[in-house]
Amino acid sequence: MKVASILKGHALFSNFSIEEVNQISGFSEKKRYRKHEVVFSYGEKADYVFILLEGSVLLHLPAKPEEFRIVISKVTAGDLFGLSSLLGSEHYILEAQCADLADILVIDARNSEPLGERSTAGFIIMNEVASTYFNRYIEILKRFQGIVTQIPLITNV
């Protein structure tokens with residue numbers, strides 16, 4: 001399937017003009033990643049934004065090989081991830097690793113200047129970025145609440 005067709009079929013890009021979709025498809029490509037393959041690492045230059053087409057990807061905090069990895073979020077089909085470059089960060093702040101075989105649309109964020117915040121397309125993208133981060137925040141908050149409610153309260157007698 002052509003990248004332009006993939007973009008137009010994604011909810012985020014459904015209201016974009018044909019010209020905008022064609023422009024984005026010019027600096028995007030579909031890639032297949034194997035199970036356990038790292039999509040990007042913590043501290044790596046944030047040159048790309050990703051849309052998961054099929055499969056699942058785990059976003060986790062950086063850790064040394066011998067340390068326990070904390071999963072922040074599980075990315076599912078249709079989700080955006082690797083959004084650091086859209087938020088002004090030069091480097092990824094998490095690590096993304098495929099939980100199983102995954103098809104991912106890779107968008108070169110270095111070429112997305114024409115779709116900046118001042119354009120309608122840029123506004124739509126930033127609105128989706130805000131929604132994505134808010135949903136992940138709520139997901140993490142619920143997990144922490146679950147953990148905290150399992151800790152017995154210490155009271156002074």
# chains A, B, ... in the order shown; residues from 1 in each chain; ligands from 1
call {"tool": "residues_around", "arguments": {"residues": "stretch 61-72 of chain A", "least_positions_apart": "6", "cutoff": "9 Å", "atoms": "only C-alpha atoms", "output": "list in words"}}
result
Ser41, Tyr42, Ile93, Leu94, Glu95, Arg136, Glu139 and Ile140 of chain A
call {"tool": "select_by_dssp", "arguments": {"residues": "chain A", "states": "strand (DSSP E)", "output": "VMD selection string"}}
result
chain A and resid 28 to 33 38 to 40 48 to 54 57 to 60 71 to 75 80 to 81 95 to 98 102 to 108
call {"tool": "closest_residue", "arguments": {"among": "A:Val3, A:Gln145, A:Val38, A:His60", "to": "A:Asn22", "atoms": "only C-alpha atoms"}}
result
A:Val3
call {"tool": "closest_residue", "arguments": {"among": "A:Tyr48, A:His36, A:Ser56, A:Asp79", "to": "A:His10", "atoms": "only C-alpha atoms"}}
result
A:Asp79
call {"tool": "select_by_dssp", "arguments": {"residues": "stretch 54-88 of chain A", "states": "helix (DSSP H, G or I)", "output": "list in words"}}
result
Ser84, Ser85, Leu86 and Leu87 of chain A
call {"tool": "residues_around", "arguments": {"residues": "A:Lys31", "least_positions_apart": "5", "cutoff": "8 Å", "atoms": "only C-alpha atoms", "output": "list in words"}}
result
Asp103, Ile104, Leu105 and Val106 of chain A
call {"tool": "write_last_selection", "arguments": {"atoms": "all heavy atoms", "output": "compact mmCIF listing (two decimals), in the first residue's frame"}}
result
# COMPACT_ATOMS: atom_id res chain seq x y z
N ASP A 103 4.26 -3.21 11.82
CA ASP A 103 4.37 -2.34 10.65
C ASP A 103 4.20 -0.91 11.16
O ASP A 103 3.20 -0.61 11.83
CB ASP A 103 3.29 -2.66 9.61
CG ASP A 103 3.55 -3.97 8.90
OD1 ASP A 103 4.73 -4.35 8.76
OD2 ASP A 103 2.58 -4.62 8.47
N ILE A 104 5.18 -0.09 10.84
CA ILE A 104 5.20 1.27 11.38
C ILE A 104 5.43 2.27 10.25
O ILE A 104 6.30 2.05 9.40
CB ILE A 104 6.32 1.41 12.44
CG1 ILE A 104 6.08 0.43 13.59
CG2 ILE A 104 6.43 2.85 12.94
CD1 ILE A 104 7.20 0.36 14.62
N LEU A 105 4.65 3.34 10.26
CA LEU A 105 4.88 4.45 9.33
C LEU A 105 5.87 5.39 10.00
O LEU A 105 5.64 5.87 11.11
CB LEU A 105 3.58 5.17 9.01
CG LEU A 105 3.69 6.24 7.93
CD1 LEU A 105 4.04 5.61 6.59
CD2 LEU A 105 2.40 7.01 7.82
N VAL A 106 7.00 5.61 9.34
CA VAL A 106 8.07 6.45 9.87
C VAL A 106 8.04 7.78 9.11
O VAL A 106 8.20 7.79 7.90
CB VAL A 106 9.44 5.75 9.71
CG1 VAL A 106 10.55 6.62 10.28
CG2 VAL A 106 9.43 4.38 10.36
call {"tool": "closest_residue", "arguments": {"among": "A:Ile107, A:Val39, A:Ala130, A:Ala96", "to": "A:Gln23", "atoms": "only C-alpha atoms"}}
result
A:Ile107
call {"tool": "residues_around", "arguments": {"residues": "stretch 87-90 of chain A", "least_positions_apart": "5", "cutoff": "10 Å", "atoms": "only C-alpha atoms", "output": "list in words"}}
result
Gly43, Glu44, Lys45, Ala46, Asp47, Met126, Val129 and Ala130 of chain A
call {"tool": "write_last_selection", "arguments": {"atoms": "N, CA, C and O atoms", "output": "short mmCIF file (atom, residue, chain, number, x, y, z; two decimals), in the first residue's frame"}}
result
data_model
loop_
_atom_site.label_atom_id
_atom_site.label_comp_id
_atom_site.auth_asym_id
_atom_site.auth_seq_id
_atom_site.Cartn_x
_atom_site.Cartn_y
_atom_site.Cartn_z
N GLY A 43 17.71 8.89 24.36
CA GLY A 43 18.85 9.75 24.07
C GLY A 43 19.20 9.83 22.60
O GLY A 43 19.98 10.69 22.20
N GLU A 44 18.63 8.96 21.79
CA GLU A 44 18.87 8.99 20.33
C GLU A 44 18.26 10.28 19.76
O GLU A 44 17.25 10.77 20.25
N LYS A 45 18.87 10.80 18.72
CA LYS A 45 18.36 12.02 18.07
C LYS A 45 16.94 11.78 17.58
O LYS A 45 16.67 10.80 16.90
N ALA A 46 16.04 12.67 17.96
CA ALA A 46 14.61 12.53 17.63
C ALA A 46 14.33 13.13 16.25
O ALA A 46 13.82 14.23 16.13
N ASP A 47 14.64 12.37 15.24
CA ASP A 47 14.44 12.83 13.86
C ASP A 47 13.13 12.35 13.25
O ASP A 47 12.73 12.83 12.19
N MET A 126 -0.73 18.85 16.27
CA MET A 126 -0.42 19.20 17.67
C MET A 126 -1.59 18.87 18.59
O MET A 126 -1.39 18.50 19.75
N VAL A 129 -1.19 15.25 19.25
CA VAL A 129 -0.06 15.06 20.16
C VAL A 129 -0.51 15.32 21.60
O VAL A 129 -0.23 14.52 22.50
N ALA A 130 -1.23 16.41 21.81
CA ALA A 130 -1.71 16.74 23.15
C ALA A 130 -2.65 15.65 23.67
O ALA A 130 -2.54 15.23 24.83
#
call {"tool": "closest_residue", "arguments": {"among": "A:Phe40, A:His91, A:Ile51, A:Ile151", "to": "A:Leu7", "atoms": "only C-alpha atoms"}}
result
A:Ile51
call {"tool": "closest_residue", "arguments": {"among": "A:Thr76, A:Leu86, A:Ser5, A:Leu141", "to": "A:Glu29", "atoms": "only C-alpha atoms"}}
result
A:Ser5
call {"tool": "closest_residue", "arguments": {"among": "A:Ala109, A:Ile18, A:Leu101, A:Ile147", "to": "A:Leu52", "atoms": "only C-alpha atoms"}}
result
A:Leu101
call {"tool": "atom_distance", "arguments": {"atom1": "atom CA of A:Ser17", "atom2": "atom CA of A:Ala4"}}
result
11.2 Å
call {"tool": "atom_distance", "arguments": {"atom1": "atom CA of A:Tyr33", "atom2": "atom CA of A:Ala102"}}
result
5.2 Å
call {"tool": "atom_distance", "arguments": {"atom1": "atom CA of A:Asp100", "atom2": "atom CA of A:Val21"}}
result
28.5 Å
call {"tool": "decode", "arguments": {"residues": "stretch 75-92 of chain A", "atoms": "N, CA, C and O atoms", "output": "PDB file, in the first residue's frame"}}
result
ATOM      1  N   VAL A  75       1.730   0.907  22.938  1.00  0.00           N
ATOM      2  CA  VAL A  75       1.206   1.563  21.754  1.00  0.00           C
ATOM      3  C   VAL A  75       0.460   0.513  20.928  1.00  0.00           C
ATOM      4  O   VAL A  75       0.960  -0.588  20.715  1.00  0.00           O
ATOM      5  N   THR A  76      -0.746   0.862  20.481  1.00  0.00           N
ATOM      6  CA  THR A  76      -1.531  -0.048  19.656  1.00  0.00           C
ATOM      7  C   THR A  76      -1.768   0.563  18.279  1.00  0.00           C
ATOM      8  O   THR A  76      -1.478   1.752  18.064  1.00  0.00           O
ATOM      9  N   ALA A  77      -2.287  -0.230  17.372  1.00  0.00           N
ATOM     10  CA  ALA A  77      -2.483   0.196  15.984  1.00  0.00           C
ATOM     11  C   ALA A  77      -3.222   1.531  15.908  1.00  0.00           C
ATOM     12  O   ALA A  77      -4.231   1.740  16.577  1.00  0.00           O
ATOM     13  N   GLY A  78      -2.668   2.429  15.114  1.00  0.00           N
ATOM     14  CA  GLY A  78      -3.252   3.752  14.916  1.00  0.00           C
ATOM     15  C   GLY A  78      -2.646   4.828  15.785  1.00  0.00           C
ATOM     16  O   GLY A  78      -2.856   6.016  15.543  1.00  0.00           O
ATOM     17  N   ASP A  79      -1.880   4.434  16.815  1.00  0.00           N
ATOM     18  CA  ASP A  79      -1.315   5.403  17.761  1.00  0.00           C
ATOM     19  C   ASP A  79      -0.057   6.069  17.212  1.00  0.00           C
ATOM     20  O   ASP A  79       0.745   5.454  16.511  1.00  0.00           O
ATOM     21  N   LEU A  80       0.118   7.333  17.607  1.00  0.00           N
ATOM     22  CA  LEU A  80       1.354   8.086  17.359  1.00  0.00           C
ATOM     23  C   LEU A  80       2.315   7.807  18.497  1.00  0.00           C
ATOM     24  O   LEU A  80       1.899   7.650  19.644  1.00  0.00           O
ATOM     25  N   PHE A  81       3.619   7.788  18.199  1.00  0.00           N
ATOM     26  CA  PHE A  81       4.622   7.705  19.256  1.00  0.00           C
ATOM     27  C   PHE A  81       5.936   8.273  18.741  1.00  0.00           C
ATOM     28  O   PHE A  81       6.076   8.559  17.554  1.00  0.00           O
ATOM     29  N   GLY A  82       6.881   8.483  19.656  1.00  0.00           N
ATOM     30  CA  GLY A  82       8.150   9.105  19.277  1.00  0.00           C
ATOM     31  C   GLY A  82       7.952  10.578  18.963  1.00  0.00           C
ATOM     32  O   GLY A  82       8.481  11.098  17.986  1.00  0.00           O
ATOM     33  N   LEU A  83       7.204  11.255  19.793  1.00  0.00           N
ATOM     34  CA  LEU A  83       6.754  12.619  19.505  1.00  0.00           C
ATOM     35  C   LEU A  83       7.700  13.709  19.996  1.00  0.00           C
ATOM     36  O   LEU A  83       7.378  14.894  19.897  1.00  0.00           O
ATOM     37  N   SER A  84       8.854  13.335  20.499  1.00  0.00           N
ATOM     38  CA  SER A  84       9.789  14.303  21.081  1.00  0.00           C
ATOM     39  C   SER A  84      10.086  15.478  20.163  1.00  0.00           C
ATOM     40  O   SER A  84      10.087  16.632  20.590  1.00  0.00           O
ATOM     41  N   SER A  85      10.330  15.199  18.892  1.00  0.00           N
ATOM     42  CA  SER A  85      10.706  16.276  17.969  1.00  0.00           C
ATOM     43  C   SER A  85       9.585  17.289  17.781  1.00  0.00           C
ATOM     44  O   SER A  85       9.852  18.470  17.569  1.00  0.00           O
ATOM     45  N   LEU A  86       8.344  16.850  17.884  1.00  0.00           N
ATOM     46  CA  LEU A  86       7.216  17.776  17.741  1.00  0.00           C
ATOM     47  C   LEU A  86       7.059  18.668  18.962  1.00  0.00           C
ATOM     48  O   LEU A  86       6.376  19.681  18.905  1.00  0.00           O
ATOM     49  N   LEU A  87       7.683  18.276  20.060  1.00  0.00           N
ATOM     50  CA  LEU A  87       7.572  19.035  21.296  1.00  0.00           C
ATOM     51  C   LEU A  87       8.848  19.806  21.626  1.00  0.00           C
ATOM     52  O   LEU A  87       9.029  20.281  22.731  1.00  0.00           O
ATOM     53  N   GLY A  88       9.736  19.909  20.635  1.00  0.00           N
ATOM     54  CA  GLY A  88      10.936  20.726  20.805  1.00  0.00           C
ATOM     55  C   GLY A  88      12.120  20.010  21.433  1.00  0.00           C
ATOM     56  O   GLY A  88      13.140  20.643  21.692  1.00  0.00           O
ATOM     57  N   SER A  89      11.995  18.728  21.691  1.00  0.00           N
ATOM     58  CA  SER A  89      13.112  17.978  22.257  1.00  0.00           C
ATOM     59  C   SER A  89      13.962  17.410  21.126  1.00  0.00           C
ATOM     60  O   SER A  89      13.424  16.876  20.162  1.00  0.00           O
ATOM     61  N   GLU A  90      15.259  17.513  21.257  1.00  0.00           N
ATOM     62  CA  GLU A  90      16.157  16.999  20.224  1.00  0.00           C
ATOM     63  C   GLU A  90      16.395  15.504  20.347  1.00  0.00           C
ATOM     64  O   GLU A  90      16.895  14.878  19.416  1.00  0.00           O
ATOM     65  N   HIS A  91      16.041  14.927  21.500  1.00  0.00           N
ATOM     66  CA  HIS A  91      16.323  13.501  21.741  1.00  0.00           C
ATOM     67  C   HIS A  91      15.079  12.805  22.294  1.00  0.00           C
ATOM     68  O   HIS A  91      14.252  13.429  22.968  1.00  0.00           O
ATOM     69  N   TYR A  92      14.990  11.510  22.033  1.00  0.00           N
ATOM     70  CA  TYR A  92      13.880  10.725  22.576  1.00  0.00           C
ATOM     71  C   TYR A  92      14.078  10.566  24.075  1.00  0.00           C
ATOM     72  O   TYR A  92      15.187  10.364  24.555  1.00  0.00           O
TER      73      TYR A  92
END
